[in-house]
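Raw contents of structure-v1.txt, compact mmCIF, C-alpha atoms:
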# COMPACT_ATOMS: atom_id res chain seq x y z
CA MET A 1 -61.08 -6.68 -1.96
CA ILE A 2 -59.22 -9.78 -0.88
CA ASP A 3 -58.35 -10.43 -4.48
CA PHE A 4 -57.10 -6.90 -4.78
CA LEU A 5 -54.91 -7.21 -1.69
CA HIS A 6 -53.60 -10.47 -2.95
CA LEU A 7 -52.83 -8.96 -6.31
CA VAL A 8 -50.99 -6.09 -4.63
CA HIS A 9 -49.08 -8.58 -2.54
CA SER A 10 -48.16 -10.74 -5.48
CA ARG A 11 -46.97 -7.75 -7.48
CA LEU A 12 -45.05 -6.22 -4.62
CA ILE A 13 -43.38 -9.27 -3.21
CA TRP A 14 -41.44 -10.17 -6.32
CA GLN A 15 -39.97 -6.65 -6.41
CA PHE A 16 -37.79 -7.54 -3.44
CA ASP A 17 -34.93 -9.99 -3.55
CA ASP A 18 -34.54 -9.84 0.19
CA VAL A 19 -36.54 -12.49 2.01
CA GLY A 20 -36.93 -10.23 5.07
CA MET A 21 -38.56 -7.51 2.98
CA ARG A 22 -40.90 -10.06 1.46
CA LYS A 23 -41.94 -11.14 4.92
CA ILE A 24 -42.57 -7.53 5.96
CA ILE A 25 -44.74 -6.97 2.88
CA THR A 26 -46.56 -10.17 3.63
CA ILE A 27 -47.20 -9.21 7.27
CA LEU A 28 -48.36 -5.72 6.31
CA LEU A 29 -50.91 -7.18 3.89
CA ILE A 30 -52.01 -10.16 5.92
CA VAL A 31 -53.71 -8.08 8.65
CA PRO A 32 -56.36 -6.45 6.41
CA THR A 33 -56.63 -9.72 4.49
CA VAL A 34 -57.44 -11.71 7.60
CA ALA A 35 -59.85 -9.04 8.79
CA LEU A 36 -61.65 -9.12 5.47
CA ALA A 37 -61.61 -12.88 5.36
CA ALA A 38 -63.31 -12.96 8.74
CA CYS A 39 -66.23 -11.03 7.27
CA GLN A 40 -66.51 -13.32 4.27
CA PRO A 41 -68.71 -16.39 3.95
CA PRO A 42 -67.01 -19.77 4.55
CA PRO A 43 -64.31 -20.72 2.04
CA ASP A 44 -66.48 -23.29 0.31
CA GLN A 45 -68.76 -20.45 -0.76
CA LEU A 46 -65.91 -18.39 -2.10
CA ALA A 47 -65.98 -19.44 -5.69
CA GLY A 48 -62.91 -18.20 -7.44
CA SER A 49 -61.02 -17.30 -4.31
CA VAL A 50 -57.33 -17.75 -4.61
CA PHE A 51 -56.78 -17.92 -0.87
CA PRO A 52 -56.53 -21.42 0.46
CA GLU A 53 -57.26 -22.10 4.10
CA PRO A 54 -54.11 -21.44 6.06
CA ALA A 55 -52.55 -24.68 7.14
CA PRO A 56 -51.67 -24.81 10.83
CA THR A 57 -48.04 -24.09 11.74
CA THR A 58 -47.06 -23.47 8.15
CA VAL A 59 -46.13 -20.29 6.39
CA PRO A 60 -49.00 -17.82 6.06
CA SER A 61 -51.28 -18.56 3.17
CA SER A 62 -50.64 -15.09 1.79
CA GLU A 63 -47.16 -16.27 0.83
CA THR A 64 -48.66 -18.76 -1.53
CA PRO A 65 -48.13 -17.53 -5.08
CA VAL A 66 -51.27 -16.20 -6.67
CA THR A 67 -51.05 -18.15 -9.87
CA PRO A 68 -50.03 -21.76 -9.56
CA PRO A 69 -47.04 -22.16 -11.84
CA PRO A 70 -46.73 -25.23 -14.01
CA THR A 71 -44.00 -26.53 -11.73
CA ALA A 72 -43.70 -26.52 -7.96
CA PRO A 73 -43.04 -22.92 -6.96
CA VAL A 74 -39.90 -22.14 -5.06
CA MET A 75 -41.16 -20.19 -2.07
CA ALA A 76 -37.95 -19.59 -0.26
CA PRO A 77 -34.47 -20.97 -0.34
CA ALA A 78 -34.45 -24.66 0.46
CA THR A 79 -38.22 -24.93 0.41
CA VAL A 80 -40.44 -26.36 -2.29
CA ALA A 81 -44.14 -25.83 -1.89
CA PRO A 82 -46.50 -28.64 -2.75
CA THR A 83 -47.95 -28.45 -6.19
CA SER A 84 -51.63 -27.76 -6.26
CA THR A 85 -53.95 -30.71 -6.75
CA THR A 86 -56.29 -28.56 -8.82
CA SER A 87 -55.72 -27.14 -12.25
CA PRO A 88 -55.53 -23.38 -12.76
CA ASP A 89 -58.93 -23.54 -14.46
CA GLU A 90 -60.46 -25.28 -11.49
CA GLN A 91 -58.92 -22.72 -9.16
CA ALA A 92 -60.30 -19.86 -11.12
CA GLY A 93 -63.84 -21.10 -11.20
CA SER A 94 -64.34 -23.34 -8.24
CA PRO A 95 -63.74 -23.37 -4.51
CA PRO A 96 -60.08 -23.49 -3.59
CA ALA A 97 -58.52 -26.80 -2.77
CA GLN A 98 -58.10 -27.34 0.95
CA PRO A 99 -54.45 -28.18 1.61
CA GLU A 100 -54.06 -31.45 3.46
CA SER A 101 -52.81 -31.05 6.97
CA GLY A 102 -49.02 -31.17 6.91
CA SER A 103 -48.96 -31.49 3.15
CA GLU A 104 -46.42 -28.72 2.85
CA ILE A 105 -43.16 -30.58 2.50
CA GLU A 106 -39.89 -28.89 2.99
CA VAL A 107 -37.07 -30.20 0.88
CA ASP A 108 -34.01 -29.28 2.84
CA PRO A 109 -30.97 -31.15 1.59
CA ASP A 110 -28.99 -30.07 4.65
CA ALA A 111 -31.60 -31.55 6.99
CA LEU A 112 -31.53 -34.77 4.98
CA ALA A 113 -27.77 -34.89 5.34
CA ALA A 114 -28.12 -34.34 9.09
CA THR A 115 -30.46 -37.33 9.34
CA LEU A 116 -27.89 -39.39 7.51
CA GLU A 117 -25.42 -38.45 10.23
CA GLU A 118 -27.88 -39.73 12.85
CA LEU A 119 -27.93 -43.04 11.02
CA ASP A 120 -24.14 -42.92 11.00
CA VAL A 121 -24.13 -42.66 14.79
CA LEU A 122 -26.48 -45.63 15.14
CA MET A 123 -24.32 -47.69 12.80
CA GLN A 124 -21.28 -46.81 14.88
CA GLU A 125 -23.11 -48.01 18.00
CA ILE A 126 -23.86 -51.33 16.34
CA ALA A 127 -20.23 -51.66 15.32
CA ASN A 128 -19.16 -50.95 18.92
CA GLU A 129 -21.44 -53.67 20.29
CA LEU A 130 -20.10 -56.13 17.74
CA ALA A 131 -16.56 -55.20 18.69
CA GLY A 132 -17.52 -55.82 22.33
CA VAL A 133 -18.82 -59.29 21.47
CA SER A 134 -15.59 -60.12 19.67
CA ALA A 135 -13.50 -58.77 22.54
CA ALA A 136 -15.40 -60.86 25.10
CA LEU A 137 -15.12 -64.01 23.00
CA ASP A 138 -11.42 -63.36 22.44
CA GLU A 139 -10.96 -62.83 26.16
CA GLY A 140 -12.13 -66.41 26.71
CA GLU A 141 -12.90 -68.03 30.03
CA MET B 1 -17.84 -75.78 20.04
CA ARG B 2 -14.20 -76.93 19.93
CA ARG B 3 -13.12 -73.46 20.83
CA TYR B 4 -15.21 -73.45 24.00
CA VAL B 5 -14.11 -76.93 25.00
CA ALA B 6 -10.49 -75.86 24.48
CA MET B 7 -11.06 -72.69 26.51
CA ALA B 8 -12.63 -74.65 29.32
CA VAL B 9 -9.77 -77.16 29.33
CA VAL B 10 -7.14 -74.42 29.38
CA ALA B 11 -8.94 -72.59 32.17
CA ALA B 12 -9.32 -75.75 34.18
CA VAL B 13 -5.67 -76.74 33.71
CA THR B 14 -4.42 -73.28 34.55
CA MET B 15 -6.49 -72.78 37.66
CA VAL B 16 -7.01 -76.29 38.96
CA SER B 17 -3.87 -78.31 38.27
CA PRO B 18 -1.77 -76.95 41.14
CA VAL B 19 -4.82 -77.20 43.36
CA ALA B 20 -5.42 -80.85 42.46
CA ALA B 21 -1.77 -81.79 42.87
CA PHE B 22 -1.61 -80.47 46.38
CA ALA B 23 -5.06 -81.71 47.27
CA GLN B 24 -3.79 -85.27 46.88
CA GLU B 25 -1.13 -84.73 49.47
CA THR B 26 -3.24 -83.43 52.30
CA ASP B 27 -6.67 -82.24 53.20
CA GLN B 28 -5.43 -80.63 56.37
CA PRO B 29 -5.87 -76.90 56.69
CA VAL B 30 -2.74 -75.24 55.41
CA SER B 31 -2.39 -73.28 58.60
CA ASP B 32 -2.19 -76.53 60.62
CA ARG B 33 0.85 -77.83 58.79
CA PRO B 34 4.29 -77.47 60.31
CA VAL B 35 6.17 -74.41 59.30
CA THR B 36 9.05 -75.70 57.20
CA ASP B 37 10.57 -74.40 54.01
CA GLU B 38 8.49 -76.84 52.01
CA ALA B 39 5.37 -75.90 53.86
CA THR B 40 6.13 -72.24 53.32
CA ASP B 41 6.46 -72.89 49.60
CA ARG B 42 3.17 -74.74 49.59
CA ARG B 43 1.55 -71.94 51.53
CA HIS B 44 2.96 -69.47 49.04
CA ASP B 45 1.57 -71.56 46.15
CA PHE B 46 -1.77 -71.87 47.89
CA ASP B 47 -2.02 -68.13 48.42
CA GLY B 48 -0.90 -67.53 44.86
CA ALA B 49 -3.59 -69.86 43.49
CA LYS B 50 -6.19 -68.18 45.64
CA GLN B 51 -5.11 -64.73 44.48
CA ARG B 52 -5.27 -65.82 40.85
CA ALA B 53 -8.79 -67.15 41.41
CA LEU B 54 -9.85 -63.93 43.13
CA ALA B 55 -8.33 -61.87 40.32
CA ALA B 56 -10.25 -63.97 37.80
CA ILE B 57 -13.48 -63.22 39.68
CA ASP B 58 -12.66 -59.50 39.94
CA LYS B 59 -12.07 -59.34 36.21
CA ARG B 60 -15.49 -60.88 35.62
CA LEU B 61 -17.17 -58.58 38.14
CA GLU B 62 -15.69 -55.55 36.37
CA ALA B 63 -17.00 -56.82 33.04
CA ILE B 64 -20.44 -57.36 34.58
CA ASP B 65 -20.35 -53.82 36.04
CA ARG B 66 -19.66 -52.38 32.60
CA ALA B 67 -22.42 -54.49 31.06
CA GLU B 68 -24.89 -53.39 33.76
CA GLU B 69 -24.04 -49.76 33.08
CA ALA B 70 -24.57 -50.31 29.35
CA VAL B 71 -27.94 -51.94 30.00
CA GLU B 72 -29.04 -49.11 32.29
CA THR B 73 -27.91 -46.27 30.06
CA ASN B 74 -28.47 -47.55 26.54
CA GLY B 75 -31.41 -45.66 25.11
CA HIS B 76 -32.14 -48.21 22.40
CA LEU B 77 -32.57 -51.29 24.57
CA LYS B 78 -36.21 -52.37 24.84
CA PRO B 79 -37.53 -52.26 28.42
CA ASN B 80 -38.27 -56.00 28.59
CA HIS B 81 -34.79 -56.82 27.29
CA ALA B 82 -33.24 -54.37 29.74
CA ALA B 83 -35.19 -55.92 32.62
CA GLN B 84 -34.20 -59.47 31.72
CA LEU B 85 -30.54 -58.68 31.12
CA GLY B 86 -30.36 -56.48 34.22
CA ALA B 87 -31.77 -59.24 36.42
CA GLU B 88 -29.46 -61.83 34.92
CA LEU B 89 -26.35 -59.68 35.31
CA ALA B 90 -27.28 -58.88 38.91
CA LYS B 91 -27.77 -62.58 39.68
CA HIS B 92 -24.35 -63.52 38.30
CA GLU B 93 -22.79 -60.59 40.13
CA ARG B 94 -24.27 -61.72 43.46
CA GLU B 95 -23.21 -65.31 42.92
CA LEU B 96 -19.68 -64.33 41.95
CA ILE B 97 -19.38 -62.12 45.03
CA ASP B 98 -20.49 -65.08 47.18
CA LEU B 99 -18.06 -67.35 45.38
CA ARG B 100 -15.31 -64.82 45.99
CA SER B 101 -16.03 -64.93 49.72
CA ASP B 102 -15.99 -68.74 49.69
CA ILE B 103 -12.65 -68.80 47.89
CA GLU B 104 -11.19 -66.22 50.27
CA ALA B 105 -12.29 -68.39 53.19
CA ALA B 106 -10.94 -71.62 51.68
CA GLU B 107 -8.27 -73.25 53.82
CA THR B 108 -7.42 -76.34 51.84
CA TRP B 109 -6.41 -77.22 48.33
CA ALA B 110 -9.43 -79.51 48.16
CA GLU B 111 -11.81 -76.63 48.87
CA LEU B 112 -10.06 -74.51 46.31
CA ALA B 113 -10.19 -77.32 43.75
CA GLU B 114 -13.93 -77.51 44.22
CA LEU B 115 -14.62 -73.77 44.12
CA VAL B 116 -12.33 -72.45 41.40
CA PRO B 117 -13.91 -74.23 38.40
CA LEU B 118 -17.26 -72.69 39.34
CA ILE B 119 -15.91 -69.30 38.23
CA VAL B 120 -16.25 -70.57 34.69
CA THR B 121 -18.86 -73.30 34.71
CA GLU B 122 -21.53 -71.42 36.65
CA HIS B 123 -21.21 -68.11 34.85
CA TRP B 124 -19.45 -68.19 31.47
CA VAL B 125 -19.07 -64.42 31.80
CA PHE B 126 -16.87 -63.83 28.76
CA ALA B 127 -18.14 -66.65 26.58
CA MET B 128 -21.85 -66.19 27.23
CA LEU B 129 -23.03 -63.38 29.52
CA ILE B 130 -21.21 -60.40 27.97
CA PRO B 131 -21.64 -61.46 24.31
CA LYS B 132 -25.31 -62.15 24.93
CA THR B 133 -25.83 -58.71 26.51
CA LYS B 134 -24.02 -56.93 23.70
CA LEU B 135 -25.83 -58.91 21.01
CA VAL B 136 -29.23 -57.94 22.42
CA ILE B 137 -28.21 -54.28 22.72
CA GLY B 138 -26.85 -54.37 19.17
CA ALA B 139 -30.05 -55.96 17.85
CA ASP B 140 -32.16 -53.29 19.56
CA VAL B 141 -29.96 -50.56 18.10
CA VAL B 142 -30.52 -52.11 14.66
CA ASP B 143 -34.25 -52.08 15.36
CA ASP B 144 -34.15 -48.35 16.15
CA ALA B 145 -31.92 -47.69 13.15
CA VAL B 146 -34.38 -49.54 10.91
CA ASP B 147 -37.27 -47.43 12.24
CA ARG B 148 -35.27 -44.25 11.74
CA ALA B 149 -34.20 -45.34 8.25
CA ASN B 150 -37.79 -46.10 7.25
CA GLU B 151 -38.93 -42.69 8.50
CA PHE B 152 -36.09 -41.13 6.57
CA GLY B 153 -37.19 -43.12 3.52
CA GLU B 154 -40.65 -41.59 3.81
CA THR B 155 -39.15 -38.10 4.00
CA LEU B 156 -37.04 -38.77 0.92
CA GLN B 157 -40.05 -40.25 -0.91
CA ASP B 158 -42.03 -37.08 -0.20
CA ALA B 159 -39.17 -34.94 -1.47
CA ILE B 160 -38.82 -37.05 -4.60
CA ASP B 161 -42.57 -36.92 -5.22
CA ARG B 162 -42.61 -33.14 -4.84
CA LEU B 163 -39.73 -32.66 -7.21
CA SER B 164 -41.24 -35.14 -9.68
CA GLU B 165 -44.51 -33.22 -9.60
CA ALA B 166 -42.46 -30.11 -10.28
CA GLY B 167 -41.29 -31.73 -13.49
CA VAL B 168 -37.85 -32.85 -12.38
CA ASP B 169 -36.68 -36.28 -13.48
CA MET B 170 -36.14 -38.16 -10.22
CA THR B 171 -35.76 -41.65 -11.67
CA ALA B 172 -32.22 -42.09 -10.40
CA ALA B 173 -33.02 -40.81 -6.91
CA GLN B 174 -36.05 -43.10 -6.75
CA ALA B 175 -33.87 -46.08 -7.70
CA GLU B 176 -31.40 -45.21 -4.96
CA LEU B 177 -34.20 -44.85 -2.42
CA ASP B 178 -35.75 -48.19 -3.45
CA ALA B 179 -32.38 -49.91 -3.09
CA ALA B 180 -31.88 -48.31 0.32
CA LEU B 181 -35.25 -49.52 1.55
CA VAL B 182 -34.53 -53.07 0.38
CA ALA B 183 -31.27 -53.01 2.34
CA VAL B 184 -33.09 -51.65 5.40
CA ALA B 185 -35.58 -54.52 5.19
CA ASP B 186 -32.64 -56.96 4.94
CA ALA B 187 -31.11 -55.46 8.09
CA ASP B 188 -34.39 -55.76 9.91
CA ALA B 189 -34.81 -59.40 8.91
CA ALA B 190 -31.23 -60.28 9.88
CA ALA B 191 -31.35 -58.80 13.38
CA ALA B 192 -34.96 -59.50 14.30
CA GLY B 193 -34.31 -63.01 15.60
CA VAL B 194 -31.19 -62.22 17.63
CA PRO B 195 -32.75 -61.36 21.01
CA GLY B 196 -35.07 -64.35 20.89
CA ALA B 197 -32.18 -66.66 20.08
CA VAL B 198 -29.70 -65.51 22.71
CA LEU B 199 -31.79 -64.33 25.68
CA PRO B 200 -32.81 -67.84 26.80
CA ILE B 201 -29.20 -69.08 26.87
CA GLY B 202 -27.93 -69.84 30.35
CA PRO B 203 -24.76 -71.33 31.84
CA GLU B 204 -26.35 -74.78 31.69
CA ASP B 205 -26.48 -74.47 27.89
CA MET B 206 -22.77 -73.80 27.58
CA PRO B 207 -20.51 -74.55 25.86
CA GLU B 208 -22.86 -75.92 23.17
CA ALA B 209 -24.80 -72.62 22.99
CA GLY B 210 -21.60 -70.92 21.90
CA GLU B 211 -22.59 -71.82 18.33
CA THR B 212 -25.91 -70.01 18.76
CA LEU B 213 -24.09 -66.94 20.00
CA ARG B 214 -21.71 -67.04 17.04
CA ALA B 215 -24.63 -67.40 14.62
CA ALA B 216 -26.36 -64.42 16.27
CA LYS B 217 -23.17 -62.40 15.93
CA ALA B 218 -23.03 -63.28 12.23
CA ASP B 219 -26.66 -62.16 11.86
CA LEU B 220 -25.90 -58.87 13.54
CA GLU B 221 -22.86 -58.35 11.32
CA SER B 222 -25.07 -59.01 8.32
CA ALA B 223 -27.60 -56.46 9.60
CA ALA B 224 -24.81 -53.91 10.08
CA GLY B 225 -23.61 -54.57 6.53
CA SER B 226 -27.12 -54.07 5.15
CA LEU B 227 -27.44 -50.80 7.05
CA ARG B 228 -24.14 -49.62 5.58
CA THR B 229 -25.48 -50.47 2.12
CA ALA B 230 -28.72 -48.62 2.89
CA HIS B 231 -26.75 -45.64 4.13
CA ALA B 232 -24.75 -45.47 0.88
CA HIS B 233 -27.96 -45.54 -1.19
CA PHE B 234 -29.61 -42.92 1.03
CA GLN B 235 -26.54 -40.74 0.63
CA ALA B 236 -26.70 -41.06 -3.16
CA ALA B 237 -30.44 -40.25 -3.13
CA VAL B 238 -29.85 -37.16 -0.96
CA GLU B 239 -27.11 -36.00 -3.30
CA LEU B 240 -29.40 -36.41 -6.32
CA ILE B 241 -32.18 -34.55 -4.53
CA ARG B 242 -29.74 -31.78 -3.64
CA GLN B 243 -28.63 -31.47 -7.27
CA SER B 244 -32.23 -31.44 -8.50
CA PHE B 245 -33.18 -28.89 -5.91
CA ASP B 246 -30.23 -26.66 -6.74
CA GLY B 247 -31.25 -26.87 -10.40
CA LEU B 248 -34.77 -25.86 -9.53
CA THR B 249 -33.77 -22.88 -7.40
CA ASP B 250 -31.37 -21.71 -10.11
CA LEU B 251 -34.28 -21.33 -12.54
Would you mind writing the file's structure down as structure tokens?
Amino acid sequence: MIDFLHLVHSRLIWQFDDVGMRKIITILLIVPTVALAACQPPPDQLAGSVFPEPAPTTVPSSETPVTPPPTAPVMAPATVAPTSTTSPDEQAGSPPAQPESGSEIEVDPDALAATLEELDVLMQEIANELAGVSAALDEGE
Amino acid sequence: MRRYVAMAVVAAVTMVSPVAAFAQETDQPVSDRPVTDEATDRRHDFDGAKQRALAAIDKRLEAIDRAEEAVETNGHLKPNHAAQLGAELAKHERELIDLRSDIEAAETWAELAELVPLIVTEHWVFAMLIPKTKLVIGADVVDDAVDRANEFGETLQDAIDRLSEAGVDMTAAQAELDAALVAVADADAAAAGVPGAVLPIGPEDMPEAGETLRAAKADLESAAGSLRTAHAHFQAAVELIRQSFDGLTDL
């Protein structure tokens, strides 16, 4: 049943270009999925399941693409999901890999640029202190 | 070294020479001397010398005030450095305020001749105290910048690894990141010794310790240069990551 819901989700979600609609589809499907998952044995007994354990504070696991593509899947603009550590064959026939805590890395070039600006500010502070040293020495006693 | 000796000589000549000249003539309180034109002139010179000395102290007290504010408000300064600098600045401030009172109360050229040189020799505010404070603050800012840059390096490394795993050639970005991290390490090494070198310097070490302060300033300038280099490499890496990412999302 979970597989079915996941299949429905995976088929439906790519029909919408709009990210908001994708989220709505995801939310509508995640409720029965979670309910069903609660009735299932622990994940390590779920051979062949394509649902990884949801990582805390990350996007819902139901947004994870069903079939791991050969390259890192683009989940949403400015976000690259981690590539799976297991091969598609392993995922099909063995327990799902447990994502490492915090292993989902966002690649946000704008955030990277913002951090560079923080470094800029620190460098400016250093330059100011150096200018202060020079000014004091130039002042003389 | 020569620079400090020259500064001290100029300061001494400027502030003390009129004092010494008149001190030879009389040790009597100025107010006790007969009121003649010459005495009025001398009184005028005496008051002028006193005012110049007081102004010199006020200028130093203002500089100390600004340094104290910087120590209190700078978020990068390590607590032990802040405590040591704060205590030292407060001590010099107290002593200069006392010296100011003594100079205000001085009645003779001889007293003035004794007190005025202490403005420089007991404090070295501009040649030692302020540079030392700013060098320690600067070194602590470098320390924070190095930490931040290393964290940023880890973020970039993760991004590069992810994109590499996705099949994107990230060789150039990796090279930029490696170069940035080398420059960050250089900055760290250059600034690390600055606080330890300048914090122990006191007025008794001047003017010889001026060389140590200049060397510390050169180290800090080197650290700043390395951080600028690191920044340029980080920027190039981010740009390459952005291009790779844009290419990936266009697929």
(request) Residues of chain B near chain A: apply a cut-off of 6 Å, count only C-alpha atoms, and supply the list as a VMD selection string. (result) chain B and resid 126 to 127 131 134 138 159 166 242
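Near (-16.8, -58.4, 37.9), the residues that fall inside 10 Å on the basis of all atoms listed in the file are Ala55, Ala56, Ile57, Asp58, Lys59, Arg60, Leu61, Glu62, Ala63, Ile64, Asp65, Arg66, Ala67, Leu89, His92, Glu93, Arg94, Leu96, Ile97 and Val125 of chain B.
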Please check which residues have atoms at most 9 Å from (-35.1, -30.3, -10.9) in the file's coordinates, counting only C-alpha atoms, and write them as an mmCIF file with C-alpha atoms, in the frame of the given file.
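Output contents, as saved in result_24.cif:
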data_model
loop_
_atom_site.group_PDB
_atom_site.id
_atom_site.type_symbol
_atom_site.label_atom_id
_atom_site.label_comp_id
_atom_site.auth_asym_id
_atom_site.auth_seq_id
_atom_site.Cartn_x
_atom_site.Cartn_y
_atom_site.Cartn_z
ATOM 1 C CA LEU B 163 -39.730 -32.660 -7.210
ATOM 2 C CA SER B 164 -41.240 -35.140 -9.680
ATOM 3 C CA ALA B 166 -42.460 -30.110 -10.280
ATOM 4 C CA GLY B 167 -41.290 -31.730 -13.490
ATOM 5 C CA VAL B 168 -37.850 -32.850 -12.380
ATOM 6 C CA ASP B 169 -36.680 -36.280 -13.480
ATOM 7 C CA MET B 170 -36.140 -38.160 -10.220
ATOM 8 C CA ILE B 241 -32.180 -34.550 -4.530
ATOM 9 C CA GLN B 243 -28.630 -31.470 -7.270
ATOM 10 C CA SER B 244 -32.230 -31.440 -8.500
ATOM 11 C CA PHE B 245 -33.180 -28.890 -5.910
ATOM 12 C CA ASP B 246 -30.230 -26.660 -6.740
ATOM 13 C CA GLY B 247 -31.250 -26.870 -10.400
ATOM 14 C CA LEU B 248 -34.770 -25.860 -9.530
ATOM 15 C CA THR B 249 -33.770 -22.880 -7.400
#
(request) Work out how far apart atom CA of Asp143 of chain B and atom CA of Ala232 of chain B are and give it in Å to one decimal. (result)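 The value is 18.5 Å.
Taking atom CA of Glu176 of chain B and atom CA of His76 of chain B as endpoints, the distance between them is 27.5 Å.
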(request) Record the distance separating atom CA of Gly225 of chain B and atom CA of Ala145 of chain B, expressed in Å with one decimal. (result)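 Atom-to-atom, atom CA of Gly225 of chain B and atom CA of Ala145 of chain B are spaced 12.7 Å apart.
Ranking B:Asp219, B:Val238, B:Phe46, B:Leu213 by their shortest atom-to-atom distance to Ala110 of chain B, with only C-alpha atoms included, puts B:Phe46 first.
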Write out as a PDB file with C-alpha atoms, in the frame of the given file each polymer residue whose atoms come within 10 Å of Val198 of chain B, counting all atoms listed in the file; drop sequence neighbours fewer than 4 positions from it.
ATOM      1  CA  MET B 128     -21.850 -66.190  27.230  1.00  0.00           C
ATOM      2  CA  LEU B 129     -23.030 -63.380  29.520  1.00  0.00           C
ATOM      3  CA  PRO B 131     -21.640 -61.460  24.310  1.00  0.00           C
ATOM      4  CA  LYS B 132     -25.310 -62.150  24.930  1.00  0.00           C
ATOM      5  CA  THR B 133     -25.830 -58.710  26.510  1.00  0.00           C
ATOM      6  CA  LEU B 135     -25.830 -58.910  21.010  1.00  0.00           C
ATOM      7  CA  VAL B 136     -29.230 -57.940  22.420  1.00  0.00           C
ATOM      8  CA  GLY B 193     -34.310 -63.010  15.600  1.00  0.00           C
ATOM      9  CA  VAL B 194     -31.190 -62.220  17.630  1.00  0.00           C
ATOM     10  CA  GLY B 202     -27.930 -69.840  30.350  1.00  0.00           C
ATOM     11  CA  ALA B 209     -24.800 -72.620  22.990  1.00  0.00           C
ATOM     12  CA  GLY B 210     -21.600 -70.920  21.900  1.00  0.00           C
ATOM     13  CA  THR B 212     -25.910 -70.010  18.760  1.00  0.00           C
ATOM     14  CA  LEU B 213     -24.090 -66.940  20.000  1.00  0.00           C
ATOM     15  CA  ARG B 214     -21.710 -67.040  17.040  1.00  0.00           C
ATOM     16  CA  ALA B 215     -24.630 -67.400  14.620  1.00  0.00           C
ATOM     17  CA  ALA B 216     -26.360 -64.420  16.270  1.00  0.00           C
ATOM     18  CA  LYS B 217     -23.170 -62.400  15.930  1.00  0.00           C
TER      19      LYS B 217
END
